[in-house]
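A.B. asks: This is run-v7.cif (mmCIF, C-alpha atoms).
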data_entry
loop_
_atom_site.label_atom_id
_atom_site.label_comp_id
_atom_site.auth_asym_id
_atom_site.auth_seq_id
_atom_site.Cartn_x
_atom_site.Cartn_y
_atom_site.Cartn_z
CA MET A 32 -78.60 -8.08 21.66
CA ILE A 33 -79.82 -8.92 25.15
CA GLU A 34 -83.29 -7.72 24.17
CA ILE A 35 -83.39 -10.19 21.27
CA LEU A 36 -82.37 -12.98 23.67
CA HIS A 37 -85.08 -11.98 26.11
CA LEU A 38 -87.73 -11.82 23.38
CA SER A 39 -86.70 -15.24 22.07
CA ILE A 40 -87.00 -16.69 25.59
CA LEU A 41 -90.51 -15.24 25.91
CA ALA A 42 -91.48 -16.52 22.45
CA THR A 43 -90.20 -20.02 23.34
CA ILE A 44 -92.35 -19.94 26.49
CA LEU A 45 -95.41 -19.08 24.41
CA ILE A 46 -94.67 -21.67 21.71
CA SER A 47 -94.02 -24.52 24.15
CA GLY A 48 -97.14 -23.64 26.11
CA PHE A 49 -99.15 -23.77 22.91
CA LEU A 50 -97.56 -27.09 21.89
CA ALA A 51 -98.39 -28.61 25.28
CA LEU A 52 -102.06 -28.05 24.46
CA TRP A 53 -101.75 -28.92 20.76
CA PHE A 54 -100.03 -32.31 20.87
CA ARG A 55 -102.30 -35.35 20.77
CA ASN A 56 -99.59 -37.57 22.22
CA LEU A 57 -99.61 -37.12 25.98
CA LEU A 58 -95.90 -37.86 26.46
CA SER A 59 -95.06 -35.10 23.98
CA SER A 60 -97.29 -32.74 25.97
CA VAL A 61 -95.42 -33.58 29.16
CA ILE A 62 -92.03 -33.00 27.54
CA SER A 63 -93.31 -29.70 26.16
CA LEU A 64 -94.40 -28.65 29.66
CA SER A 65 -90.90 -29.50 30.86
CA VAL A 66 -89.39 -27.26 28.16
CA LEU A 67 -91.80 -24.49 29.22
CA SER A 68 -90.61 -24.83 32.82
CA LEU A 69 -86.97 -24.70 31.76
CA PHE A 70 -87.47 -21.47 29.82
CA VAL A 71 -89.50 -19.93 32.65
CA SER A 72 -86.48 -20.69 34.81
CA LEU A 73 -84.24 -18.88 32.29
CA GLU A 74 -86.63 -15.92 32.40
CA PHE A 75 -86.41 -15.82 36.20
CA PHE A 76 -82.64 -15.83 35.91
CA TYR A 77 -82.81 -12.93 33.45
CA MET A 78 -84.97 -11.03 35.93
CA GLN A 79 -82.19 -11.44 38.55
CA ALA A 80 -83.97 -13.98 40.76
CA PRO A 81 -81.60 -16.97 40.75
CA ASP A 82 -83.21 -18.52 43.84
CA VAL A 83 -86.54 -18.85 42.08
CA ALA A 84 -84.75 -20.05 38.94
CA ILE A 85 -83.12 -22.95 40.78
CA ALA A 86 -86.41 -23.88 42.46
CA GLU A 87 -88.27 -23.76 39.15
CA ALA A 88 -85.65 -25.84 37.34
CA GLY A 89 -85.61 -28.42 40.12
CA ILE A 90 -89.32 -28.76 40.78
CA GLY A 91 -90.93 -27.70 37.50
CA ALA A 92 -88.58 -29.28 35.02
CA GLY A 93 -87.46 -32.26 37.10
CA LEU A 94 -89.90 -33.49 39.69
CA SER A 95 -93.25 -32.68 38.09
CA THR A 96 -92.11 -34.24 34.79
CA ALA A 97 -91.22 -37.45 36.60
CA ILE A 98 -94.58 -37.46 38.40
CA TYR A 99 -96.45 -36.86 35.11
CA ILE A 100 -94.52 -39.67 33.43
CA VAL A 101 -95.33 -42.16 36.18
CA ALA A 102 -98.98 -41.08 36.03
CA LEU A 103 -99.04 -41.61 32.26
CA ARG A 104 -97.45 -45.04 32.48
CA ALA A 105 -99.78 -46.04 35.31
CA VAL A 106 -102.90 -44.98 33.42
CA GLY A 107 -101.68 -46.49 30.16
CA LYS A 108 -103.32 -44.03 27.79
CA LYS A 109 -101.08 -42.81 25.02
CA GLN A 110 -103.47 -40.48 23.18
CA PHE A 111 -105.93 -37.85 24.26
CA ARG A 112 -109.42 -38.85 23.06
CA LYS A 113 -112.49 -36.70 22.87
CA GLU A 114 -115.73 -37.89 24.39
CA GLY A 115 -117.74 -40.03 22.04
CA GLU A 116 -114.75 -41.34 20.11
CA HIS A 117 -113.24 -44.71 20.80
CA MET B 177 -92.79 -50.16 36.10
CA ASN B 178 -90.38 -51.63 33.62
CA PRO B 179 -86.91 -50.12 33.30
CA LEU B 180 -86.04 -47.94 30.35
CA SER B 181 -83.60 -48.90 27.61
CA VAL B 182 -79.86 -49.31 28.08
CA VAL B 183 -79.05 -45.88 26.60
CA ALA B 184 -81.45 -44.04 28.90
CA ARG B 185 -80.24 -46.00 31.93
CA THR B 186 -76.59 -45.22 31.20
CA VAL B 187 -77.22 -41.50 30.70
CA CYS B 188 -79.32 -41.30 33.88
CA ASN B 189 -76.69 -43.23 35.86
CA LEU B 190 -74.04 -40.75 34.77
CA PHE B 191 -75.88 -37.45 35.12
CA ALA B 192 -77.74 -38.20 38.33
CA TRP B 193 -74.51 -37.91 40.30
CA PHE B 194 -73.79 -34.44 38.89
CA LEU B 195 -77.28 -33.43 40.06
CA ALA B 196 -76.61 -34.80 43.54
CA ILE B 197 -73.30 -32.93 43.84
CA PHE B 198 -74.90 -29.69 42.64
CA GLY B 199 -77.77 -30.04 45.10
CA ILE B 200 -75.47 -30.65 48.05
CA TYR B 201 -73.40 -27.62 46.96
CA VAL B 202 -76.52 -25.44 46.86
CA ILE B 203 -77.57 -26.60 50.35
CA VAL B 204 -74.17 -26.16 51.99
CA HIS B 205 -73.42 -22.79 50.38
CA GLY B 206 -76.92 -21.47 51.05
CA HIS B 207 -75.73 -18.43 52.98
CA LEU B 208 -73.18 -17.42 50.34
CA THR B 209 -74.59 -18.15 46.90
CA PRO B 210 -78.16 -18.07 45.52
CA GLY B 211 -80.29 -20.95 46.62
CA GLY B 212 -80.87 -22.50 49.99
CA GLY B 213 -82.27 -25.53 51.68
CA PHE B 214 -85.47 -25.82 49.70
CA GLN B 215 -83.90 -25.37 46.26
CA GLY B 216 -80.99 -27.69 46.96
CA GLY B 217 -83.30 -30.31 48.43
CA ALA B 218 -85.45 -30.19 45.30
CA VAL B 219 -82.36 -30.71 43.13
CA VAL B 220 -81.23 -33.71 45.22
CA ALA B 221 -84.75 -35.13 44.96
CA THR B 222 -84.44 -34.78 41.17
CA PHE B 223 -81.48 -37.18 41.48
CA MET B 224 -83.88 -39.71 42.99
CA ALA B 225 -86.41 -39.02 40.23
CA PHE B 226 -83.79 -39.71 37.55
CA LEU B 227 -82.92 -43.09 39.05
CA LEU B 228 -86.60 -43.96 39.59
CA VAL B 229 -87.62 -43.16 36.01
CA ALA B 230 -84.63 -45.00 34.56
CA HIS B 231 -84.68 -48.15 36.65
CA GLY B 232 -88.33 -48.54 37.62
CA GLY B 233 -89.92 -48.69 41.03
CA GLU B 234 -89.26 -52.30 42.00
CA LYS B 235 -85.49 -52.15 41.61
CA MET B 236 -85.24 -48.91 43.57
CA GLN B 237 -87.33 -50.46 46.34
CA SER B 238 -84.61 -53.08 46.74
CA TRP B 239 -81.84 -50.44 46.74
CA VAL B 240 -83.16 -47.88 49.21
CA ARG B 241 -85.47 -48.12 52.20
CA LYS B 242 -88.45 -45.86 52.71
CA ASP B 243 -88.15 -45.58 56.48
CA ARG B 244 -84.71 -44.00 56.15
CA PHE B 245 -86.28 -41.12 54.24
CA THR B 246 -89.01 -40.83 56.88
CA LEU B 247 -86.27 -40.61 59.47
CA MET B 248 -84.47 -37.92 57.45
CA GLU B 249 -87.60 -35.81 57.15
CA CYS B 250 -88.51 -36.05 60.83
CA PHE B 251 -84.91 -35.33 61.85
CA GLY B 252 -84.73 -32.22 59.68
CA LEU B 253 -87.98 -30.75 60.97
CA THR B 254 -87.09 -31.54 64.58
CA LEU B 255 -83.69 -29.89 64.18
CA PHE B 256 -85.34 -26.79 62.71
CA ILE B 257 -87.89 -26.47 65.50
CA SER B 258 -85.43 -27.18 68.31
CA ALA B 259 -82.88 -24.68 66.98
CA GLY B 260 -85.67 -22.13 66.77
CA LEU B 261 -86.95 -22.83 70.25
CA LEU B 262 -83.51 -22.56 71.87
CA GLY B 263 -83.92 -18.84 72.46
CA MET B 264 -87.62 -18.60 73.11
CA SER B 265 -87.08 -16.17 75.98
CA LYS B 266 -86.58 -13.31 73.48
CA THR B 267 -87.95 -14.26 70.05
CA PHE B 268 -88.02 -17.26 67.77
CA PHE B 269 -84.54 -17.97 66.35
CA PHE B 270 -82.77 -15.43 68.55
CA ASN B 271 -80.46 -17.69 70.52
CA PHE B 272 -76.82 -17.94 71.45
CA LEU B 273 -75.98 -19.44 68.05
CA ALA B 274 -77.13 -16.36 66.14
CA LYS B 275 -74.41 -14.27 64.43
CA ALA B 276 -71.51 -15.70 66.43
CA GLY B 277 -71.23 -19.00 68.18
CA GLY B 278 -70.92 -22.65 67.43
CA VAL B 279 -69.34 -23.96 64.26
CA PHE B 280 -70.68 -21.19 62.05
CA GLY B 281 -69.52 -18.33 64.26
CA GLY B 282 -66.99 -16.59 62.04
CA VAL B 283 -66.88 -12.81 61.86
CA LEU B 284 -68.22 -11.41 58.59
CA PRO B 285 -66.80 -8.09 57.37
CA ILE B 286 -69.39 -5.53 56.32
CA GLY B 287 -69.46 -4.56 52.67
CA PRO B 288 -68.86 -6.44 49.43
CA ASN B 289 -66.67 -9.43 50.15
CA ALA B 290 -66.27 -13.03 49.06
CA GLY B 291 -67.56 -14.46 52.32
CA ALA B 292 -66.45 -17.52 54.24
CA LEU B 293 -68.16 -20.83 54.81
CA ASN B 294 -68.04 -20.67 58.61
CA THR B 295 -70.04 -17.48 59.05
CA SER B 296 -73.74 -16.66 59.48
CA GLY B 297 -74.63 -18.35 62.78
CA THR B 298 -78.00 -20.05 62.64
CA ILE B 299 -78.67 -19.54 58.92
CA ALA B 300 -76.33 -22.31 57.77
CA LEU B 301 -77.84 -24.65 60.38
CA MET B 302 -81.35 -23.80 59.16
CA ASN B 303 -80.25 -24.41 55.56
CA LEU B 304 -78.91 -27.84 56.47
CA SER B 305 -82.01 -28.85 58.42
CA VAL B 306 -84.45 -27.65 55.76
CA GLY B 307 -82.34 -29.33 53.08
CA ILE B 308 -82.43 -32.67 54.92
CA GLU B 309 -86.18 -32.33 55.41
CA VAL B 310 -86.92 -31.48 51.77
CA VAL B 311 -84.72 -34.32 50.45
CA GLY B 312 -86.52 -36.80 52.70
CA GLY B 313 -90.00 -35.47 51.95
CA LEU B 314 -89.81 -35.22 48.17
CA SER B 315 -88.02 -38.58 47.88
CA MET B 316 -90.77 -40.12 50.02
CA ILE B 317 -93.45 -38.68 47.70
CA LEU B 318 -91.67 -40.05 44.61
CA LEU B 319 -91.04 -43.48 46.14
CA TYR B 320 -94.66 -43.85 47.25
CA MET B 321 -96.03 -42.78 43.88
CA PHE B 322 -93.70 -45.10 41.95
CA SER B 323 -94.43 -48.05 44.23
CA ALA B 324 -98.20 -47.61 44.00
CA ALA B 325 -98.33 -47.27 40.20
CA HIS B 326 -99.53 -50.54 38.70
CA PRO B 327 -98.36 -50.63 35.09
CA GLN B 328 -101.04 -51.15 32.48
CA GLU B 329 -98.49 -52.00 29.82
CA PRO B 330 -98.01 -55.63 28.77
CA MET B 331 -95.88 -57.48 31.25
CA GLY B 332 -93.09 -59.80 30.26
CA ARG B 333 -91.35 -57.22 28.12
CA GLU B 334 -87.88 -56.57 29.39
CA GLU B 335 -87.61 -52.88 28.55
CA SER B 336 -89.94 -50.08 27.64
CA GLY B 337 -89.65 -46.53 26.46
CA HIS B 338 -89.10 -47.18 22.75
CA ASP B 339 -92.36 -49.00 22.33
CA ARG B 340 -94.20 -46.71 19.99
CA MET C 287 -126.33 -19.87 25.55
CA LYS C 288 -126.78 -18.35 28.99
CA ALA C 289 -123.46 -19.85 30.09
CA ARG C 290 -121.73 -18.40 27.03
CA ILE C 291 -123.03 -14.90 27.82
CA PHE C 292 -121.84 -15.33 31.41
CA PHE C 293 -118.38 -16.39 30.20
CA LEU C 294 -118.20 -13.40 27.85
CA ILE C 295 -119.15 -10.96 30.63
CA SER C 296 -116.64 -12.48 33.04
CA ILE C 297 -113.86 -12.35 30.41
CA LEU C 298 -114.67 -8.68 29.74
CA VAL C 299 -114.67 -7.83 33.45
CA VAL C 300 -111.42 -9.66 34.20
CA GLY C 301 -109.73 -8.31 31.05
CA GLY C 302 -110.77 -4.76 31.87
CA LEU C 303 -109.47 -5.03 35.42
CA LEU C 304 -106.20 -6.52 34.14
CA TRP C 305 -105.79 -3.77 31.53
CA SER C 306 -106.49 -1.04 34.06
CA GLY C 307 -103.99 -2.63 36.43
CA LEU C 308 -101.34 -2.86 33.71
CA GLN C 309 -101.52 0.90 33.18
CA ALA C 310 -100.04 1.53 36.63
CA VAL C 311 -97.12 -0.94 36.37
CA HIS C 312 -93.73 0.73 36.52
CA PRO C 313 -91.40 0.20 33.55
CA PHE C 314 -89.72 -3.15 33.10
CA GLY C 315 -86.38 -3.57 34.84
CA LEU C 316 -86.71 -0.52 37.08
CA PRO C 317 -87.65 -1.74 40.54
CA ASN C 318 -89.09 0.96 42.74
CA GLY C 319 -87.49 0.80 46.15
CA THR C 320 -89.52 0.70 49.33
CA PRO C 321 -88.28 1.51 52.85
CA MET C 322 -88.31 -2.22 53.65
CA ASP C 323 -85.96 -2.99 50.74
CA ASP C 324 -83.57 -0.23 51.71
CA TYR C 325 -83.52 -1.42 55.33
CA PHE C 326 -82.76 -5.01 54.33
CA ILE C 327 -80.04 -4.03 51.86
CA ALA C 328 -78.38 -1.70 54.35
CA ASN C 329 -78.61 -3.76 57.54
CA ALA C 330 -79.02 -7.46 56.67
CA GLN C 331 -75.30 -8.16 56.43
CA GLY C 332 -74.57 -6.71 59.82
CA GLU C 333 -77.57 -8.10 61.65
CA ALA C 334 -77.82 -11.62 60.25
CA ALA C 335 -74.13 -12.10 59.36
CA ALA C 336 -74.83 -13.71 56.00
CA ASN C 337 -73.75 -12.51 52.57
CA ASN C 338 -76.90 -13.76 50.85
CA VAL C 339 -79.57 -11.24 51.77
CA VAL C 340 -82.42 -13.40 50.40
CA THR C 341 -81.42 -16.32 52.61
CA SER C 342 -81.06 -14.05 55.62
CA ILE C 343 -84.62 -12.81 55.05
CA VAL C 344 -86.03 -16.31 54.53
CA PHE C 345 -84.24 -17.97 57.43
CA ASP C 346 -83.71 -15.15 59.91
CA TYR C 347 -86.14 -12.24 59.59
CA ARG C 348 -89.02 -14.43 58.42
CA GLY C 349 -87.95 -17.71 60.01
CA PHE C 350 -91.37 -18.50 61.39
CA ASP C 351 -92.84 -18.52 57.87
CA THR C 352 -90.18 -21.02 56.81
CA LEU C 353 -91.31 -23.24 59.67
CA GLY C 354 -94.83 -23.06 58.23
CA GLU C 355 -93.46 -24.03 54.82
CA GLY C 356 -91.80 -27.08 56.32
CA ALA C 357 -95.04 -28.01 58.04
CA VAL C 358 -96.88 -27.76 54.70
CA LEU C 359 -94.36 -30.12 53.07
CA PHE C 360 -94.67 -32.53 56.00
CA THR C 361 -98.47 -32.56 55.65
CA ALA C 362 -98.17 -33.19 51.90
CA VAL C 363 -95.87 -36.17 52.48
CA ILE C 364 -98.23 -37.60 55.10
CA SER C 365 -101.22 -37.28 52.78
CA VAL C 366 -99.36 -38.91 49.86
CA ALA C 367 -98.28 -41.76 52.14
CA ALA C 368 -101.87 -42.22 53.32
CA LEU C 369 -103.18 -42.17 49.75
CA PHE C 370 -100.68 -44.58 48.18
CA ARG C 371 -100.17 -47.07 50.99
CA LYS C 372 -100.18 -50.77 50.26
CA ARG C 373 -103.55 -52.27 51.10
CA GLY C 374 -103.97 -55.67 52.72
CA HIS C 375 -100.56 -56.91 53.78
CA ASN C 376 -97.85 -54.65 55.15
#
Hey, can you dump this file as structure tokens for me?

C.D. replies:
Amino acid sequence: MIEILHLSILATILISGFLALWFRNLLSSVISLSVLSLFVSLEFFYMQAPDVAIAEAGIGAGLSTAIYIVALRAVGKKQFRKEGEH
Amino acid sequence: MNPLSVVARTVCNLFAWFLAIFGIYVIVHGHLTPGGGFQGGAVVATFMAFLLVAHGGEKMQSWVRKDRFTLMECFGLTLFISAGLLGMSKTFFFNFLAKAGGVFGGVLPIGPNAGALNTSGTIALMNLSVGIEVVGGLSMILLYMFSAAHPQEPMGREESGHDR
Amino acid sequence: MKARIFFLISILVVGGLLWSGLQAVHPFGLPNGTPMDDYFIANAQGEAAANNVVTSIVFDYRGFDTLGEGAVLFTAVISVAALFRKRGHN
């Protein structure tokens, strides 16, 4: 049972990391990175390192998401565009 | 930056205080439970990030003052260094406060036990000083970044966040 | 074309080194103890008088490194404040 939980945590890390690259909307990418950080924190807790889990949940899921959101709203771009497009 | 909608502001106003209480708990119980000064300080700084994202930079600038956080950071680092330098005749951090002495001078029994809050000598003091420093530093970073961000979104709109 | 060949060679080299390193990793969930670990687990509670062994390592045995960490954070705050300061007035 605990192995299935662990494998699902690892699969969620992979899926959210893929979605962070796949989304065209930049805000969705940032939220997906936050979900990735949260599940990395769960993985640290499973590996019996609760110190690192608290630091990851505080910095990765909280602070860096806030900094990315303020950067997005300051730049004002909503979509990722390739070069050459308008 | 414009504030978010009423729903987001209400949720952030409620849950930010739980984050602050949890962060202060992690800092104070650093020598008993997992965590310490750095982790607890990061959680308390997340409290500031919640309020900043929900209410925007201008309103938070009128609520808190930046120089207080500068003072907190400098006070924490100075406390750390001075408590380390107290016993420089032997080694760094080996002073009369270590293991027994001062407020945190309780006797700790060896072996598995529940622990008490007034044990561990210098470690609790170091946790408090590093926690104060990290809270001041990360809040300063967030406040500076939010105050320097000039919004490119159309001004005059009262709220943002549901604008897509 | 030359850059693509270079990327392919570098991926092969790094992947081969990673694969050869993964062969020597001990099984998951079985930490192999070192003399340093055993010393800390046996003596940290008596020497540092704290129940949390990780905190006693970070703040007591390796306290000077924690001072360096604080200095790094202080430098980061100073550089952010210098980058995002208000120009002109104030």

A.B. asks: I would like the residues chosen by the PyMOL selection byres ((chain A and resi 52-68) around 9) on the shown file; could you give them as number ranges by chain?

C.D. replies: A: 43-51, 69-73, 87-88, 90-93, 95-96, 99-100, 103, 108-112

A.B. asks: Dump as a list in words the residues of chain A that approach chain B to within 7 Å, counting all atoms listed in the file.

C.D. replies: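 That gives the following set of residues: Pro81, Asp82, Ile85, Ala86, Gly89, Ile90, Gly93, Leu94, Ala97, Val101, Arg104, Ala105, Val106 and Gly107 of chain A.
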
A.B. asks: Using all atoms listed in the file, select each residue of chain A with any atom at most 10 Å away from an atom of chain C, and give the selection as a tab-separated table (two decimals) with C-alpha atoms, keeping the file's coordinate frame.

C.D. replies:
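Saved as selection_38.tsv:
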chain	number	residue	atom	x	y	z
A	78	MET	CA	-84.97	-11.03	35.93
A	79	GLN	CA	-82.19	-11.44	38.55
A	80	ALA	CA	-83.97	-13.98	40.76
A	82	ASP	CA	-83.21	-18.52	43.84

A.B. asks: Run the PyMOL selection byres ((chain B and resi 253) around 10) on the file and write out the hits as a PDB file with C-alpha atoms, keeping the file's coordinate frame.

C.D. replies:
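This went into part_7.pdb:
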ATOM      1  CA  MET B 248     -84.470 -37.920  57.450  1.00  0.00           C
ATOM      2  CA  GLU B 249     -87.600 -35.810  57.150  1.00  0.00           C
ATOM      3  CA  CYS B 250     -88.510 -36.050  60.830  1.00  0.00           C
ATOM      4  CA  PHE B 251     -84.910 -35.330  61.850  1.00  0.00           C
ATOM      5  CA  GLY B 252     -84.730 -32.220  59.680  1.00  0.00           C
ATOM      6  CA  THR B 254     -87.090 -31.540  64.580  1.00  0.00           C
ATOM      7  CA  LEU B 255     -83.690 -29.890  64.180  1.00  0.00           C
ATOM      8  CA  PHE B 256     -85.340 -26.790  62.710  1.00  0.00           C
ATOM      9  CA  ILE B 257     -87.890 -26.470  65.500  1.00  0.00           C
ATOM     10  CA  SER B 258     -85.430 -27.180  68.310  1.00  0.00           C
ATOM     11  CA  ALA B 259     -82.880 -24.680  66.980  1.00  0.00           C
ATOM     12  CA  MET B 302     -81.350 -23.800  59.160  1.00  0.00           C
ATOM     13  CA  SER B 305     -82.010 -28.850  58.420  1.00  0.00           C
ATOM     14  CA  VAL B 306     -84.450 -27.650  55.760  1.00  0.00           C
ATOM     15  CA  GLY B 307     -82.340 -29.330  53.080  1.00  0.00           C
ATOM     16  CA  ILE B 308     -82.430 -32.670  54.920  1.00  0.00           C
ATOM     17  CA  GLU B 309     -86.180 -32.330  55.410  1.00  0.00           C
ATOM     18  CA  VAL B 310     -86.920 -31.480  51.770  1.00  0.00           C
TER      19      VAL B 310
ATOM     20  CA  LEU C 353     -91.310 -23.240  59.670  1.00  0.00           C
ATOM     21  CA  GLY C 356     -91.800 -27.080  56.320  1.00  0.00           C
ATOM     22  CA  ALA C 357     -95.040 -28.010  58.040  1.00  0.00           C
ATOM     23  CA  PHE C 360     -94.670 -32.530  56.000  1.00  0.00           C
TER      24      PHE C 360
END

A.B. asks: I'd like to know which of B:Tyr320, B:Phe191, B:Phe198, B:Trp239 is closest to chain C, using all atoms listed in the file.

C.D. replies: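 The shortest atom-to-atom distance to chain C comes from B:Tyr320.
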
A.B. asks: Using all atoms listed in the file, find each residue in chain C having at least one atom no more than 12 Å away from chain B; report its shortest atom-to-atom pair and that distance in Å (one decimal), rows by chain then rising number, as a Markdown table.

C.D. replies:
| residue | atom | partner | partner_atom | distance |
| --- | --- | --- | --- | --- |
| C:Ile327 | CA | B:Gly287 | CA | 10.6 |
| C:Ala328 | CA | B:Gly287 | CA | 9.5 |
| C:Asn329 | CA | B:Ile286 | CA | 9.5 |
| C:Ala330 | CA | B:Ile286 | CA | 9.8 |
| C:Gln331 | CA | B:Ile286 | CA | 6.5 |
| C:Gly332 | CA | B:Ile286 | CA | 6.4 |
| C:Glu333 | CA | B:Lys275 | CA | 7.5 |
| C:Ala334 | CA | B:Lys275 | CA | 6.0 |
| C:Ala335 | CA | B:Ser296 | CA | 4.6 |
| C:Ala336 | CA | B:Ser296 | CA | 4.7 |
| C:Asn337 | CA | B:Leu208 | CA | 5.4 |
| C:Asn338 | CA | B:Leu208 | CA | 5.2 |
| C:Val339 | CA | B:His207 | CA | 8.2 |
| C:Val340 | CA | B:Pro210 | CA | 8.0 |
| C:Thr341 | CA | B:His207 | CA | 6.1 |
| C:Ser342 | CA | B:Ile299 | CA | 6.8 |
| C:Ile343 | CA | B:Ile299 | CA | 9.8 |
| C:Val344 | CA | B:Ile299 | CA | 9.2 |
| C:Phe345 | CA | B:Ile299 | CA | 6.0 |
| C:Asp346 | CA | B:Ile299 | CA | 6.8 |
| C:Tyr347 | CA | B:Phe269 | CA | 9.0 |
| C:Arg348 | CA | B:Phe269 | CA | 9.8 |
| C:Gly349 | CA | B:Phe269 | CA | 7.2 |
| C:Phe350 | CA | B:Phe268 | CA | 7.3 |
| C:Asp351 | CA | B:Phe268 | CA | 11.1 |
| C:Thr352 | CA | B:Val306 | CA | 8.8 |
| C:Leu353 | CA | B:Ile257 | CA | 7.5 |
| C:Gly354 | CA | B:Ile257 | CA | 10.6 |
| C:Glu355 | CA | B:Phe214 | CA | 9.7 |
| C:Gly356 | CA | B:Leu253 | CA | 7.0 |
| C:Ala357 | CA | B:Leu253 | CA | 8.1 |
| C:Val358 | CA | B:Gly313 | CA | 10.7 |
| C:Leu359 | CA | B:Gly313 | CA | 7.0 |
| C:Phe360 | CA | B:Gly313 | CA | 6.8 |
| C:Thr361 | CA | B:Gly313 | CA | 9.7 |
| C:Ala362 | CA | B:Ile317 | CA | 8.4 |
| C:Val363 | CA | B:Ile317 | CA | 5.9 |
| C:Ile364 | CA | B:Ile317 | CA | 8.9 |
| C:Ser365 | CA | B:Ile317 | CA | 9.4 |
| C:Val366 | CA | B:Ile317 | CA | 6.3 |
| C:Ala367 | CA | B:Tyr320 | CA | 6.4 |
| C:Ala368 | CA | B:Tyr320 | CA | 9.6 |
| C:Leu369 | CA | B:Tyr320 | CA | 9.0 |
| C:Phe370 | CA | B:Ala324 | CA | 5.7 |
| C:Arg371 | CA | B:Ala324 | CA | 7.3 |
| C:Lys372 | CA | B:Ala324 | CA | 7.3 |
| C:Arg373 | CA | B:Ala324 | CA | 10.0 |

A.B. asks: Calculate how many Å separate atom CA of A:Ala42 from atom CA of C:Leu304, rounding to one decimal.

C.D. replies: 21.3 Å

A.B. asks: Quick one: distance from atom CA of C:Pro313 to atom CA of A:Val83 in Å, one decimal?

C.D. replies: 21.4 Å

A.B. asks: State, in Å with one decimal place, the distance from atom CA of B:Ile197 to atom CA of B:Val240.

C.D. replies: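 These atoms are spaced 18.7 Å apart.
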
A.B. asks: Output as JSON the centre and edge lengths (Å, one decimal) of the box along x, y and z of the file that holds every listed atom of stretch 82-94 of chain A after adding 8 Å on each side.

C.D. replies:
{"center_x": -87.0, "center_y": -26.0, "center_z": 39.4, "size_x": 23.8, "size_y": 31.0, "size_z": 24.8}

A.B. asks: What would stretch 44-48 of chain A look like with all heavy atoms in place, written as a JSON list (two decimals), in the coordinates of the input?

C.D. replies:
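Okay, this is what ended up in selection-v2.json:
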[["chain", "number", "residue", "atom", "x", "y", "z"],
["A", 44, "ILE", "N", -91.37, -19.61, 25.46],
["A", 44, "ILE", "CA", -92.35, -19.94, 26.49],
["A", 44, "ILE", "C", -93.74, -20.05, 25.87],
["A", 44, "ILE", "O", -94.48, -21.02, 26.12],
["A", 44, "ILE", "CB", -92.33, -18.88, 27.61],
["A", 44, "ILE", "CG1", -91.05, -18.99, 28.42],
["A", 44, "ILE", "CG2", -93.50, -19.04, 28.54],
["A", 44, "ILE", "CD1", -90.89, -17.87, 29.40],
["A", 45, "LEU", "N", -94.08, -19.06, 25.03],
["A", 45, "LEU", "CA", -95.41, -19.08, 24.41],
["A", 45, "LEU", "C", -95.58, -20.29, 23.50],
["A", 45, "LEU", "O", -96.61, -20.99, 23.56],
["A", 45, "LEU", "CB", -95.62, -17.80, 23.59],
["A", 45, "LEU", "CG", -96.29, -16.65, 24.31],
["A", 45, "LEU", "CD1", -96.42, -15.48, 23.37],
["A", 45, "LEU", "CD2", -97.66, -17.08, 24.78],
["A", 46, "ILE", "N", -94.55, -20.57, 22.68],
["A", 46, "ILE", "CA", -94.67, -21.67, 21.71],
["A", 46, "ILE", "C", -94.78, -23.02, 22.44],
["A", 46, "ILE", "O", -95.61, -23.87, 22.09],
["A", 46, "ILE", "CB", -93.47, -21.65, 20.74],
["A", 46, "ILE", "CG1", -93.57, -20.43, 19.82],
["A", 46, "ILE", "CG2", -93.42, -22.90, 19.90],
["A", 46, "ILE", "CD1", -92.34, -20.21, 19.01],
["A", 47, "SER", "N", -93.96, -23.22, 23.47],
["A", 47, "SER", "CA", -94.02, -24.52, 24.15],
["A", 47, "SER", "C", -95.31, -24.66, 24.93],
["A", 47, "SER", "O", -95.85, -25.78, 25.05],
["A", 47, "SER", "CB", -92.81, -24.69, 25.06],
["A", 47, "SER", "OG", -92.73, -23.63, 25.96],
["A", 48, "GLY", "N", -95.84, -23.55, 25.46],
["A", 48, "GLY", "CA", -97.14, -23.64, 26.11],
["A", 48, "GLY", "C", -98.26, -23.97, 25.15],
["A", 48, "GLY", "O", -99.18, -24.72, 25.47]]
